[in-house]
Structures are given as C-alpha cells and as structure tokens.
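Pasted below: data_26.pdb, PDB, C-alpha atoms.
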ATOM      1  CA  MET A   1     -44.565  -3.228-131.009
ATOM      2  CA  LYS A   2     -45.294  -5.248-127.914
ATOM      3  CA  ILE A   3     -42.541  -6.173-125.541
ATOM      4  CA  SER A   4     -43.065  -8.186-122.390
ATOM      5  CA  ALA A   5     -41.112  -8.140-119.183
ATOM      6  CA  ILE A   6     -41.067 -10.801-116.477
ATOM      7  CA  VAL A   7     -40.029  -9.786-112.978
ATOM      8  CA  THR A   8     -39.141 -12.469-110.437
ATOM      9  CA  LEU A   9     -37.528 -12.542-107.036
ATOM     10  CA  LYS A  10     -33.785 -13.284-107.109
ATOM     11  CA  GLU A  11     -32.681 -16.869-106.427
ATOM     12  CA  ASN A  12     -31.500 -16.200-102.864
ATOM     13  CA  VAL A  13     -34.597 -14.231-101.826
ATOM     14  CA  LEU A  14     -37.315 -16.227-100.087
ATOM     15  CA  ASP A  15     -40.398 -16.461-102.302
ATOM     16  CA  PRO A  16     -43.101 -17.630 -99.870
ATOM     17  CA  GLN A  17     -45.867 -17.656-102.477
ATOM     18  CA  GLY A  18     -43.806 -19.720-104.896
ATOM     19  CA  LYS A  19     -42.948 -22.099-102.088
ATOM     20  CA  VAL A  20     -46.597 -22.589-101.138
ATOM     21  CA  VAL A  21     -47.537 -23.198-104.795
ATOM     22  CA  SER A  22     -44.703 -25.703-105.084
ATOM     23  CA  LEU A  23     -45.757 -27.564-101.908
ATOM     24  CA  THR A  24     -49.401 -27.588-103.019
ATOM     25  CA  LEU A  25     -48.478 -29.012-106.419
ATOM     26  CA  LYS A  26     -46.525 -31.781-104.707
ATOM     27  CA  ASP A  27     -49.515 -32.493-102.435
ATOM     28  CA  MET A  28     -51.721 -32.667-105.536
ATOM     29  CA  GLY A  29     -49.549 -35.451-106.886
ATOM     30  CA  TYR A  30     -47.173 -33.589-109.200
ATOM     31  CA  LYS A  31     -44.236 -35.523-107.811
ATOM     32  CA  ASN A  32     -41.684 -34.233-110.326
ATOM     33  CA  VAL A  33     -42.181 -30.556-109.443
ATOM     34  CA  VAL A  34     -38.859 -29.434-107.954
ATOM     35  CA  ASN A  35     -39.417 -25.726-107.355
ATOM     36  CA  VAL A  36     -41.767 -22.868-108.310
ATOM     37  CA  ARG A  37     -40.875 -19.169-108.401
ATOM     38  CA  GLN A  38     -43.730 -16.696-108.657
ATOM     39  CA  GLY A  39     -43.314 -13.440-110.554
ATOM     40  CA  LYS A  40     -45.031 -10.599-112.407
ATOM     41  CA  PHE A  41     -45.714 -10.335-116.122
ATOM     42  CA  PHE A  42     -45.979  -6.999-117.946
ATOM     43  CA  GLU A  43     -46.991  -6.530-121.581
ATOM     44  CA  ILE A  44     -45.823  -3.130-122.779
ATOM     45  CA  GLU A  45     -47.129  -1.656-126.010
ATOM     46  CA  LEU A  46     -44.662   0.806-127.513
ATOM     47  CA  ASN A  47     -44.927   3.379-130.256
ATOM     48  CA  GLU A  48     -41.585   2.256-131.705
ATOM     49  CA  THR A  49     -40.589   0.063-134.643
ATOM     50  CA  ASP A  50     -36.880  -0.420-133.992
ATOM     51  CA  GLU A  51     -36.364  -3.601-131.952
ATOM     52  CA  VAL A  52     -33.094  -2.494-130.388
ATOM     53  CA  LYS A  53     -34.519   0.880-129.355
ATOM     54  CA  GLY A  54     -37.694  -0.768-128.053
ATOM     55  CA  LYS A  55     -35.753  -3.205-125.901
ATOM     56  CA  LYS A  56     -33.624  -0.362-124.575
ATOM     57  CA  ILE A  57     -36.747   1.587-123.530
ATOM     58  CA  VAL A  58     -38.254  -1.429-121.770
ATOM     59  CA  GLU A  59     -34.958  -2.109-120.048
ATOM     60  CA  ASN A  60     -35.052   1.420-118.634
ATOM     61  CA  ILE A  61     -38.684   0.956-117.583
ATOM     62  CA  CYS A  62     -37.715  -2.239-115.772
ATOM     63  CA  LYS A  63     -34.809  -0.564-113.983
ATOM     64  CA  ASN A  64     -36.677   2.617-113.041
ATOM     65  CA  LEU A  65     -40.074   1.302-112.050
ATOM     66  CA  LEU A  66     -41.008  -2.332-112.536
ATOM     67  CA  THR A  67     -38.138  -3.955-110.658
ATOM     68  CA  ASN A  68     -36.650  -3.462-107.219
ATOM     69  CA  LEU A  69     -33.123  -4.521-108.123
ATOM     70  CA  VAL A  70     -32.279  -5.304-104.502
ATOM     71  CA  ILE A  71     -34.529  -8.346-104.565
ATOM     72  CA  GLU A  72     -35.808  -8.818-108.120
ATOM     73  CA  ASN A  73     -34.505  -9.681-111.596
ATOM     74  CA  TYR A  74     -36.162  -8.981-114.925
ATOM     75  CA  THR A  75     -36.126 -10.570-118.346
ATOM     76  CA  ILE A  76     -37.324  -8.890-121.536
ATOM     77  CA  HIS A  77     -39.083 -10.734-124.348
ATOM     78  CA  LEU A  78     -39.934  -9.455-127.797
ATOM     79  CA  LYS A  79     -43.250 -10.733-129.122
TER
ATOM     80  CA  MET B   1     -41.501  23.353 -84.659
ATOM     81  CA  LYS B   2     -43.299  22.860 -87.970
ATOM     82  CA  SER B   3     -44.247  19.628 -89.692
ATOM     83  CA  SER B   4     -45.814  18.426 -92.938
ATOM     84  CA  VAL B   5     -47.725  15.197 -93.329
ATOM     85  CA  ILE B   6     -47.750  13.987 -96.932
ATOM     86  CA  VAL B   7     -51.080  12.544 -98.018
ATOM     87  CA  PHE B   8     -51.158   9.975-100.835
ATOM     88  CA  PRO B   9     -54.240   8.367-102.347
ATOM     89  CA  GLY B  10     -54.719   5.419 -99.991
ATOM     90  CA  SER B  11     -52.969   6.909 -96.932
ATOM     91  CA  ASN B  12     -55.040   6.084 -93.846
ATOM     92  CA  CYS B  13     -52.893   7.090 -90.864
ATOM     93  CA  ASP B  14     -52.375  10.687 -92.009
ATOM     94  CA  ARG B  15     -54.987  12.147 -89.648
ATOM     95  CA  ASP B  16     -53.781  10.056 -86.692
ATOM     96  CA  VAL B  17     -50.267  11.440 -87.154
ATOM     97  CA  ALA B  18     -51.611  14.990 -87.500
ATOM     98  CA  VAL B  19     -53.545  14.595 -84.230
ATOM     99  CA  ALA B  20     -50.413  13.287 -82.501
ATOM    100  CA  LEU B  21     -48.260  16.181 -83.790
ATOM    101  CA  GLN B  22     -50.842  18.788 -82.826
ATOM    102  CA  LYS B  23     -51.205  17.282 -79.362
ATOM    103  CA  PHE B  24     -47.553  18.112 -78.752
ATOM    104  CA  LYS B  25     -47.901  21.631 -80.139
ATOM    105  CA  ILE B  26     -46.135  20.935 -83.403
ATOM    106  CA  LYS B  27     -47.604  23.157 -86.123
ATOM    107  CA  ASN B  28     -48.688  20.763 -88.837
ATOM    108  CA  GLN B  29     -49.836  21.056 -92.447
ATOM    109  CA  MET B  30     -51.240  18.340 -94.674
ATOM    110  CA  VAL B  31     -49.525  18.224 -98.086
ATOM    111  CA  TRP B  32     -51.072  16.496-101.108
ATOM    112  CA  HIS B  33     -48.763  14.116-103.000
ATOM    113  CA  ASN B  34     -49.269  15.988-106.261
ATOM    114  CA  ASP B  35     -48.069  19.325-104.852
ATOM    115  CA  SER B  36     -44.738  20.467-106.185
ATOM    116  CA  SER B  37     -43.613  22.483-103.191
ATOM    117  CA  LEU B  38     -43.200  21.663 -99.545
ATOM    118  CA  PRO B  39     -44.189  24.249 -96.906
ATOM    119  CA  LYS B  40     -41.346  25.240 -94.594
ATOM    120  CA  SER B  41     -41.005  22.271 -92.260
ATOM    121  CA  ASP B  42     -38.598  20.892 -89.697
ATOM    122  CA  LEU B  43     -40.196  17.466 -89.949
ATOM    123  CA  VAL B  44     -41.859  15.634 -92.851
ATOM    124  CA  VAL B  45     -44.000  12.604 -92.043
ATOM    125  CA  LEU B  46     -44.853   9.896 -94.566
ATOM    126  CA  PRO B  47     -47.860   8.228 -92.923
ATOM    127  CA  GLY B  48     -49.100   4.663 -92.920
ATOM    128  CA  GLY B  49     -51.737   3.267 -95.230
ATOM    129  CA  PHE B  50     -51.949   1.614 -98.603
ATOM    130  CA  SER B  51     -50.763   4.293-101.019
ATOM    131  CA  TYR B  52     -51.960   3.511-104.555
ATOM    132  CA  GLY B  53     -53.459   0.264-103.293
ATOM    133  CA  ASP B  54     -49.966  -1.207-102.915
ATOM    134  CA  TYR B  55     -49.875  -1.625-106.707
ATOM    135  CA  LEU B  56     -46.637  -3.036-108.193
ATOM    136  CA  ARG B  57     -44.784  -3.023-104.850
ATOM    137  CA  THR B  58     -45.728  -1.392-101.550
ATOM    138  CA  GLY B  59     -44.695   2.269-101.596
ATOM    139  CA  CYS B  60     -43.395   2.040-105.162
ATOM    140  CA  ILE B  61     -45.837   4.312-107.012
ATOM    141  CA  ALA B  62     -45.885   6.825-104.142
ATOM    142  CA  SER B  63     -42.081   7.027-104.328
ATOM    143  CA  LYS B  64     -42.427   8.395-107.880
ATOM    144  CA  SER B  65     -44.930  11.125-106.948
ATOM    145  CA  LYS B  66     -44.180  14.837-107.443
ATOM    146  CA  ILE B  67     -43.749  15.780-103.799
ATOM    147  CA  ILE B  68     -41.097  13.111-103.183
ATOM    148  CA  LYS B  69     -38.527  15.177-105.117
ATOM    149  CA  GLU B  70     -39.098  17.935-102.552
ATOM    150  CA  VAL B  71     -38.949  15.436 -99.685
ATOM    151  CA  ILE B  72     -35.560  14.227-100.974
ATOM    152  CA  LYS B  73     -34.312  17.849-101.100
ATOM    153  CA  HIS B  74     -35.583  18.354 -97.543
ATOM    154  CA  ALA B  75     -33.574  15.280 -96.498
ATOM    155  CA  GLU B  76     -30.437  16.517 -98.268
ATOM    156  CA  ASN B  77     -30.715  19.796 -96.358
ATOM    157  CA  GLY B  78     -30.740  17.861 -93.103
ATOM    158  CA  GLY B  79     -34.497  18.099 -92.448
ATOM    159  CA  LEU B  80     -36.146  15.362 -90.388
ATOM    160  CA  ILE B  81     -38.227  12.669 -92.087
ATOM    161  CA  LEU B  82     -40.317  10.080 -90.280
ATOM    162  CA  GLY B  83     -41.783   7.227 -92.323
ATOM    163  CA  ILE B  84     -44.261   5.014 -90.505
ATOM    164  CA  CYS B  85     -45.362   1.655 -91.923
ATOM    165  CA  ASN B  86     -46.295   2.441 -95.560
ATOM    166  CA  GLY B  87     -44.177   5.580 -95.067
ATOM    167  CA  PHE B  88     -41.175   3.323 -94.301
ATOM    168  CA  GLN B  89     -41.927   1.361 -97.472
ATOM    169  CA  ILE B  90     -42.022   4.633 -99.470
ATOM    170  CA  LEU B  91     -38.674   5.754 -97.966
ATOM    171  CA  ILE B  92     -37.118   2.475 -99.071
ATOM    172  CA  GLU B  93     -38.589   2.636-102.579
ATOM    173  CA  SER B  94     -37.397   6.230-102.991
ATOM    174  CA  GLY B  95     -33.864   5.225-102.010
ATOM    175  CA  LEU B  96     -33.749   7.363 -98.854
ATOM    176  CA  LEU B  97     -33.260   4.256 -96.731
ATOM    177  CA  PRO B  98     -31.455   1.048 -97.760
ATOM    178  CA  GLY B  99     -32.695  -2.543 -97.878
ATOM    179  CA  VAL B 100     -36.147  -3.836 -98.703
ATOM    180  CA  LEU B 101     -39.408  -4.795 -96.974
ATOM    181  CA  LEU B 102     -40.682  -8.194 -98.062
ATOM    182  CA  ARG B 103     -43.980  -9.856 -97.335
ATOM    183  CA  ASN B 104     -44.339 -11.093 -93.771
ATOM    184  CA  LYS B 105     -42.719 -14.487 -93.386
ATOM    185  CA  LYS B 106     -46.014 -16.250 -92.649
ATOM    186  CA  LEU B 107     -47.875 -14.369 -95.415
ATOM    187  CA  LYS B 108     -50.421 -12.994 -92.959
ATOM    188  CA  PHE B 109     -51.432  -9.386 -92.358
ATOM    189  CA  LEU B 110     -50.422  -8.650 -88.762
ATOM    190  CA  SER B 111     -52.365  -6.283 -86.545
ATOM    191  CA  LYS B 112     -51.388  -6.448 -82.877
ATOM    192  CA  ASN B 113     -49.260  -4.864 -80.165
ATOM    193  CA  ILE B 114     -45.600  -5.882 -80.039
ATOM    194  CA  PHE B 115     -42.641  -5.013 -77.831
ATOM    195  CA  LEU B 116     -39.692  -3.038 -79.125
ATOM    196  CA  LYS B 117     -36.201  -2.525 -77.848
ATOM    197  CA  VAL B 118     -34.896   0.961 -78.569
ATOM    198  CA  ILE B 119     -31.399   0.305 -79.866
ATOM    199  CA  ASP B 120     -30.212   3.829 -80.651
ATOM    200  CA  VAL B 121     -31.228   6.902 -78.658
ATOM    201  CA  LYS B 122     -28.645   9.259 -80.156
ATOM    202  CA  ASN B 123     -31.032  10.620 -82.766
ATOM    203  CA  LYS B 124     -33.779  13.248 -82.822
ATOM    204  CA  PHE B 125     -36.558  10.654 -82.902
ATOM    205  CA  CYS B 126     -35.572   8.535 -79.919
ATOM    206  CA  VAL B 127     -34.044  10.972 -77.390
ATOM    207  CA  ASN B 128     -36.943  10.423 -75.020
ATOM    208  CA  TYR B 129     -36.465   6.661 -74.937
ATOM    209  CA  LYS B 130     -33.207   7.051 -73.006
ATOM    210  CA  ASN B 131     -34.940   6.135 -69.772
ATOM    211  CA  LYS B 132     -37.432   3.703 -71.238
ATOM    212  CA  ASN B 133     -35.876   1.422 -73.801
ATOM    213  CA  ILE B 134     -38.455  -1.352 -73.897
ATOM    214  CA  ILE B 135     -41.716  -0.057 -75.311
ATOM    215  CA  GLU B 136     -44.992  -1.398 -76.624
ATOM    216  CA  LEU B 137     -46.490  -0.197 -79.923
ATOM    217  CA  PRO B 138     -49.006  -1.575 -82.421
ATOM    218  CA  ILE B 139     -48.064  -2.985 -85.819
ATOM    219  CA  ALA B 140     -50.460  -3.348 -88.760
ATOM    220  CA  HIS B 141     -48.791  -4.536 -91.943
ATOM    221  CA  ASN B 142     -48.431  -7.209 -94.570
ATOM    222  CA  GLU B 143     -44.979  -6.246 -95.909
ATOM    223  CA  GLY B 144     -42.737  -5.529 -92.926
ATOM    224  CA  ASN B 145     -40.151  -8.263 -93.261
ATOM    225  CA  TYR B 146     -36.923  -6.238 -93.459
ATOM    226  CA  PHE B 147     -34.266  -7.794 -95.659
ATOM    227  CA  ALA B 148     -30.803  -6.644 -96.722
ATOM    228  CA  SER B 149     -27.412  -8.053 -97.688
ATOM    229  CA  ASN B 150     -25.097  -9.234 -94.914
ATOM    230  CA  GLU B 151     -22.729  -6.316 -95.584
ATOM    231  CA  LEU B 152     -25.548  -3.787 -95.225
ATOM    232  CA  ILE B 153     -26.779  -5.368 -91.987
ATOM    233  CA  LYS B 154     -23.228  -5.237 -90.638
ATOM    234  CA  ASP B 155     -23.025  -1.536 -91.591
ATOM    235  CA  LEU B 156     -26.344  -0.800 -89.881
ATOM    236  CA  GLU B 157     -25.274  -2.640 -86.724
ATOM    237  CA  ASP B 158     -21.749  -1.154 -86.633
ATOM    238  CA  GLN B 159     -22.875   2.421 -87.225
ATOM    239  CA  ASN B 160     -25.816   2.232 -84.763
ATOM    240  CA  LEU B 161     -28.360   2.857 -87.496
ATOM    241  CA  ILE B 162     -30.904   0.370 -86.172
ATOM    242  CA  ALA B 163     -33.429   2.337 -84.117
ATOM    243  CA  PHE B 164     -35.780  -0.450 -83.017
ATOM    244  CA  LYS B 165     -35.765  -4.229 -82.801
ATOM    245  CA  TYR B 166     -38.694  -6.524 -82.035
ATOM    246  CA  CYS B 167     -38.305  -8.146 -78.626
ATOM    247  CA  ASP B 168     -40.240  -9.857 -75.832
ATOM    248  CA  TYR B 169     -41.546  -7.956 -72.783
ATOM    249  CA  LYS B 170     -38.179  -8.387 -71.071
ATOM    250  CA  GLY B 171     -36.278  -6.935 -74.001
ATOM    251  CA  ASN B 172     -34.854 -10.177 -75.418
ATOM    252  CA  THR B 173     -34.666 -10.078 -79.222
ATOM    253  CA  THR B 174     -35.635 -13.691 -79.851
ATOM    254  CA  GLU B 175     -37.023 -15.487 -82.888
ATOM    255  CA  ASN B 176     -40.358 -15.905 -81.097
ATOM    256  CA  SER B 177     -40.645 -12.154 -80.545
ATOM    257  CA  ASN B 178     -40.042 -11.444 -84.236
ATOM    258  CA  PRO B 179     -43.531 -11.076 -85.758
ATOM    259  CA  ASN B 180     -42.685 -10.838 -89.450
ATOM    260  CA  GLY B 181     -39.352 -12.530 -90.082
ATOM    261  CA  SER B 182     -37.250  -9.350 -90.290
ATOM    262  CA  ILE B 183     -33.529 -10.004 -90.399
ATOM    263  CA  ASN B 184     -31.962  -9.420 -86.916
ATOM    264  CA  ASN B 185     -35.489  -8.507 -85.615
ATOM    265  CA  ILE B 186     -35.181  -5.064 -87.263
ATOM    266  CA  ALA B 187     -38.291  -2.877 -86.847
ATOM    267  CA  GLY B 188     -36.891   0.552 -87.713
ATOM    268  CA  ILE B 189     -33.730   2.003 -89.239
ATOM    269  CA  LEU B 190     -32.012   5.370 -89.637
ATOM    270  CA  ASN B 191     -30.016   6.817 -92.523
ATOM    271  CA  LYS B 192     -26.323   7.624 -92.033
ATOM    272  CA  ASN B 193     -26.993  11.215 -90.932
ATOM    273  CA  LYS B 194     -29.766  10.028 -88.593
ATOM    274  CA  ASN B 195     -32.235  12.607 -89.886
ATOM    275  CA  ILE B 196     -34.450   9.944 -91.503
ATOM    276  CA  LEU B 197     -36.245   7.223 -89.548
ATOM    277  CA  GLY B 198     -38.317   4.466 -91.115
ATOM    278  CA  MET B 199     -40.273   2.168 -88.823
ATOM    279  CA  MET B 200     -43.043  -0.412 -89.185
ATOM    280  CA  PRO B 201     -44.727   0.090 -85.750
ATOM    281  CA  HIS B 202     -47.162   2.990 -85.230
ATOM    282  CA  PRO B 203     -46.116   5.486 -82.508
ATOM    283  CA  GLU B 204     -49.028   7.794 -83.463
ATOM    284  CA  ARG B 205     -51.508   5.177 -82.254
ATOM    285  CA  LEU B 206     -50.313   5.207 -78.638
ATOM    286  CA  ILE B 207     -50.386   8.823 -77.549
ATOM    287  CA  ASP B 208     -53.222   8.774 -75.044
ATOM    288  CA  PRO B 209     -53.883   6.664 -71.940
ATOM    289  CA  MET B 210     -57.448   6.283 -73.232
ATOM    290  CA  LEU B 211     -55.998   4.440 -76.230
ATOM    291  CA  SER B 212     -54.199   2.020 -73.890
ATOM    292  CA  GLY B 213     -50.789   3.657 -73.711
ATOM    293  CA  THR B 214     -48.433   6.540 -74.261
ATOM    294  CA  ASP B 215     -45.228   4.904 -75.470
ATOM    295  CA  GLY B 216     -45.709   6.707 -78.796
ATOM    296  CA  SER B 217     -45.992  10.107 -77.092
ATOM    297  CA  LEU B 218     -42.344   9.953 -76.081
ATOM    298  CA  MET B 219     -41.265  10.221 -79.712
ATOM    299  CA  PHE B 220     -43.442  13.267 -80.471
ATOM    300  CA  GLU B 221     -42.516  14.987 -77.197
ATOM    301  CA  GLY B 222     -38.871  14.379 -78.036
ATOM    302  CA  PHE B 223     -39.076  16.575 -81.137
ATOM    303  CA  LEU B 224     -39.535  19.602 -78.914
ATOM    304  CA  LYS B 225     -36.252  19.027 -77.072
TER
END
Can the structure in the file be given as structure tokens, please?
Amino acid sequence: MKISAIVTLKENVLDPQGKVVSLTLKDMGYKNVVNVRQGKFFEIELNETDEVKGKKIVENICKNLLTNLVIENYTIHLK
Amino acid sequence: MKSSVIVFPGSNCDRDVAVALQKFKIKNQMVWHNDSSLPKSDLVVLPGGFSYGDYLRTGCIASKSKIIKEVIKHAENGGLILGICNGFQILIESGLLPGVLLRNKKLKFLSKNIFLKVIDVKNKFCVNYKNKNIIELPIAHNEGNYFASNELIKDLEDQNLIAFKYCDYKGNTTENSNPNGSINNIAGILNKNKNILGMMPHPERLIDPMLSGTDGSLMFEGFLK
C-alpha cells in the first residue's frame, strides 16, 4: 500500500519560504490569497496490507525521522 | 589529550579542525561515520559541512548514523563534544542539545566575519576567553537561526548555558549585529553538564595570524589547561 505524509512547519514557527510565496502570489494579482505554508510531501510504499498497521508504521517513521517535532507537524494520508 | 573528528559524507571542515587540533598538540584521529566504535578520546568534534547534502533537514541523516550512538555514550560518560556549524545542527538533531536551527531569517547563505560576545567562560571550551570576551570569527551557513520555546530560552539564560551571542565590535548584542535572526542573538549553546558545545561560527578557521586572526586558537589552547 502507499501512504503519504505531509510535513509542515507549526503555525507559530516563521515559514519564510511560505511567506515569500504568499507575497508573490498577491503581487501576481491573486488578491484572495490569505496565507501560504510550505511543506514536504513523502509517498511511502509499504509491504503491508492492513491499513491500521500501515498507518501506525508511517506514524513512527514521521516521529523518528521525517519530522522535527519541535518545529514541524505531520499529517498522514492513505491513498 | 586525544580527540576524534567524525567525518560524514559531505563534511568539509573536518581537515581544518584536524589541523587546528594538531597545531595545539592534541592527538587527533579521523573517524568515519559508519564506524561502530570510537577510539579513546577526550574530545569528539563534529565538523562543519553539508553532511548528506542537507537532505530532509540539516544534520538529520547524519544524526542517525552508526557512530552517533557511540558519540552519545561518550557524552553520557562526560566526554567533551564540540559541534561546529553542521556539527551543531547534528547535535541538535541527535537530541544532545535542545532547540532547533531554522533557515537564516533573510533566506541567504551567510559567509562573513562576525563579532561574538563570550557569555559563559565556566566551561572547558571557553576558559581562555576569560580575558578576551569579545572575539571575531567567521560564519558560513544557511541554517543558523536558533529557535526555541520561551521556557527553554529562559532555562538557557538562567543556567548560563549560552556560550556565545552575536554582537557588534563593542560587545552590544543588538538586532543589527544578529546576522541570521537567532533568538536572543544566540550563536552557541552548552548542555546542562557543559561538556557539549554547539556553535555556528568556525573557531578552526582563525588559528593563524596568516589567516587574519587567532581568536579561534584560544579555544583549542584552552583544552590543554
């Protein structure tokens, strides 16, 4: 199965890249853009058929490697 | 005194540090990141560079390498660890030092000389800065913007665990003298036992008058005291 994980900076952590993208979009005329947060996307292919077990594994992967929990959050999405 | 410099794929200040250590008669060995044992050492240095191409997060992949388990044991036994630049990032990712190093506030790679105020001299790394507490060292980094929760910053300040702060040539820690946006101008911190120092500036690059200064020498000379 394939499970994806999205890692983004926490709300209260300055995301300079997201800010620049947001400002650029506004300059380009996208007046209704309020805010942009930039993050990382991981697609993880697992040798596992049980959804609950698969999610559990990816959660551990997120905690142990993909995310720095001091500044980042993760969300897990089943394909 | 014996030291080990850990070499990761992408380290590029490992030889500079080795030259600095040898200059002050510290017996040094280079240790490959994939080794599973650490030679007997009083000091372990994690050098600057771009370990693993800064993939995922700076210092992250290096912090999972085999030798780091031994480095953590060395720390637990009270051994000295010095992390410079990428080495500081690795110390943070491996949990040996608290907080986090974000991208520089202005998103630019910085390579220049800056002034530092030595805040704590009661540790093995800074003893020699007792009589010279405003020093000049080079920085060269993209992710040196130190960030931590208010409680952690208070702890660091209260327990004198901040080793260096960015300042101007007079020693004032102002916003203008802060190159990367670090909270409270922090440039280097110590762990609670003060046997681990992580710092963004490069002391190993200023150890010879021919290289425009010797403010870095004071740290390496201090190890012999």
Inset, instruction - Go ahead and compute the interatomic distance for atom CA of A:Leu78 and atom CA of A:Lys40, in Å to one decimal. - result: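 Separation between atom CA of A:Leu78 and atom CA of A:Lys40: 16.3 Å.
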Inset, instruction - Considering all atoms listed in the file, return as an NGL selection string whatever protein or nucleic-acid residues lie within 10 Å of B:Ala140, sequence-local ones (same chain, fewer than 4 positions apart) excluded. - result: :B and (48-49 or 85-86 or 109-113 or 144 or 200-202)
May I have a table of the residues of chain A lying at most 12 Å from chain B, giving each one's closest pair of atoms and their distance in Å to one decimal, counting all atoms listed in the file, ordered by chain and ascending residue number, as a Markdown table?
| residue | atom | partner | partner_atom | distance |
| --- | --- | --- | --- | --- |
| A:Val7 | CA | B:Leu56 | CA | 10.6 |
| A:Leu9 | CA | B:Leu102 | CA | 10.5 |
| A:Asn12 | CA | B:Ser149 | CA | 10.5 |
| A:Val13 | CA | B:Phe147 | CA | 8.9 |
| A:Leu14 | CA | B:Lys105 | CA | 8.8 |
| A:Asp15 | CA | B:Arg103 | CA | 9.0 |
| A:Pro16 | CA | B:Lys105 | CA | 7.2 |
| A:Gln17 | CA | B:Leu107 | CA | 8.0 |
| A:Gly18 | CA | B:Leu107 | CA | 11.6 |
| A:Lys19 | CA | B:Leu107 | CA | 11.3 |
| A:Val20 | CA | B:Leu107 | CA | 10.1 |
| A:Gly39 | CA | B:Leu56 | CA | 11.2 |
| A:Lys40 | CA | B:Leu56 | CA | 8.8 |
| A:Phe41 | CA | B:Leu56 | CA | 10.8 |
| A:Phe42 | CA | B:Leu56 | CA | 10.5 |
| A:Cys62 | CA | B:Leu56 | CA | 11.7 |
| A:Asn64 | CA | B:Lys64 | CA | 9.6 |
| A:Leu65 | CA | B:Cys60 | CA | 7.7 |
| A:Leu66 | CA | B:Leu56 | CA | 7.1 |
| A:Thr67 | CA | B:Arg57 | CA | 8.9 |
| A:Asn68 | CA | B:Glu93 | CA | 7.9 |
| A:Leu69 | CA | B:Val100 | CA | 9.9 |
| A:Val70 | CA | B:Val100 | CA | 7.1 |
| A:Ile71 | CA | B:Val100 | CA | 7.6 |
| A:Glu72 | CA | B:Val100 | CA | 10.7 |
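Among B:Gly79, B:Pro9, B:Gly181, B:Gly216, the residue with the shortest atom-to-atom distance to B:Ser65, counting all atoms listed in the file, is B:Pro9.
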Applied to the shown file, which residues does the PyMOL selection byres ((chain B and resi 183) around 6) return, written as an mmCIF file with C-alpha atoms, in the frame of the given file?
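What landed in result31.cif:
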data_model
loop_
_atom_site.group_PDB
_atom_site.id
_atom_site.type_symbol
_atom_site.label_atom_id
_atom_site.label_comp_id
_atom_site.auth_asym_id
_atom_site.auth_seq_id
_atom_site.Cartn_x
_atom_site.Cartn_y
_atom_site.Cartn_z
ATOM 1 C CA TYR B 146 -36.923 -6.238 -93.459
ATOM 2 C CA PHE B 147 -34.266 -7.794 -95.659
ATOM 3 C CA SER B 182 -37.250 -9.350 -90.290
ATOM 4 C CA ASN B 184 -31.962 -9.420 -86.916
ATOM 5 C CA ASN B 185 -35.489 -8.507 -85.615
#
Give the centre and edge lengths of an axis-aligned box, in Å to one decimal, that holds all listed atoms of stretch 13-29 of chain A with 5 Å on each side, as JSON.
{"center_x": -43.2, "center_y": -24.8, "center_z": -103.4, "size_x": 27.1, "size_y": 31.2, "size_z": 17.0}
Inset, instruction - Using the chain letters and residue numbers of this document, give as a list in words the residues selected by the PyMOL selection byres ((chain A and resi 34) around 12). - result: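 Written out, the selection comes to Gly18, Lys19, Val21, Ser22, Leu23, Thr24, Leu25, Lys26, Tyr30, Lys31, Asn32, Val33, Asn35, Val36 and Arg37 of chain A.
Atom CA of A:Glu45 is found 4.5 Å from atom CA of A:Lys2.
Between atom CA of B:Leu190 and atom CA of A:Asn73 there is a distance of 26.7 Å.
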Legend entry - From B:Val19, B:Val5, B:Ile84, B:Lys124, residue lying nearest B:Val71 [only C-alpha atoms]: B:Val5
I would like the residues chosen by the PyMOL selection byres ((chain B and resi 4) around 10) on the shown file; could you give them as a PDB file with C-alpha atoms, in the frame of the given file?
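Contents of selection_30.pdb, as written:
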ATOM      1  CA  LYS B   2     -43.299  22.860 -87.970  1.00  0.00           C
ATOM      2  CA  SER B   3     -44.247  19.628 -89.692  1.00  0.00           C
ATOM      3  CA  VAL B   5     -47.725  15.197 -93.329  1.00  0.00           C
ATOM      4  CA  ILE B   6     -47.750  13.987 -96.932  1.00  0.00           C
ATOM      5  CA  VAL B   7     -51.080  12.544 -98.018  1.00  0.00           C
ATOM      6  CA  ALA B  18     -51.611  14.990 -87.500  1.00  0.00           C
ATOM      7  CA  LEU B  21     -48.260  16.181 -83.790  1.00  0.00           C
ATOM      8  CA  ILE B  26     -46.135  20.935 -83.403  1.00  0.00           C
ATOM      9  CA  LYS B  27     -47.604  23.157 -86.123  1.00  0.00           C
ATOM     10  CA  ASN B  28     -48.688  20.763 -88.837  1.00  0.00           C
ATOM     11  CA  GLN B  29     -49.836  21.056 -92.447  1.00  0.00           C
ATOM     12  CA  MET B  30     -51.240  18.340 -94.674  1.00  0.00           C
ATOM     13  CA  VAL B  31     -49.525  18.224 -98.086  1.00  0.00           C
ATOM     14  CA  TRP B  32     -51.072  16.496-101.108  1.00  0.00           C
ATOM     15  CA  LEU B  38     -43.200  21.663 -99.545  1.00  0.00           C
ATOM     16  CA  PRO B  39     -44.189  24.249 -96.906  1.00  0.00           C
ATOM     17  CA  LYS B  40     -41.346  25.240 -94.594  1.00  0.00           C
ATOM     18  CA  SER B  41     -41.005  22.271 -92.260  1.00  0.00           C
ATOM     19  CA  ASP B  42     -38.598  20.892 -89.697  1.00  0.00           C
ATOM     20  CA  LEU B  43     -40.196  17.466 -89.949  1.00  0.00           C
ATOM     21  CA  VAL B  44     -41.859  15.634 -92.851  1.00  0.00           C
ATOM     22  CA  VAL B  45     -44.000  12.604 -92.043  1.00  0.00           C
ATOM     23  CA  LEU B  46     -44.853   9.896 -94.566  1.00  0.00           C
ATOM     24  CA  ILE B  81     -38.227  12.669 -92.087  1.00  0.00           C
TER      25      ILE B  81
END
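Within 12 Å of the point (-34.9, 15.3, -100.1), and counting all atoms listed in the file, the protein, DNA and RNA residues are Ser37, Leu38, Leu43, Val44, Ser63, Lys66, Ile67, Ile68, Lys69, Glu70, Val71, Ile72, Lys73, His74, Ala75, Glu76, Asn77, Gly78, Gly79, Leu80, Ile81, Leu91, Ser94, Gly95, Leu96, Leu97, Asn195 and Ile196 of chain B.
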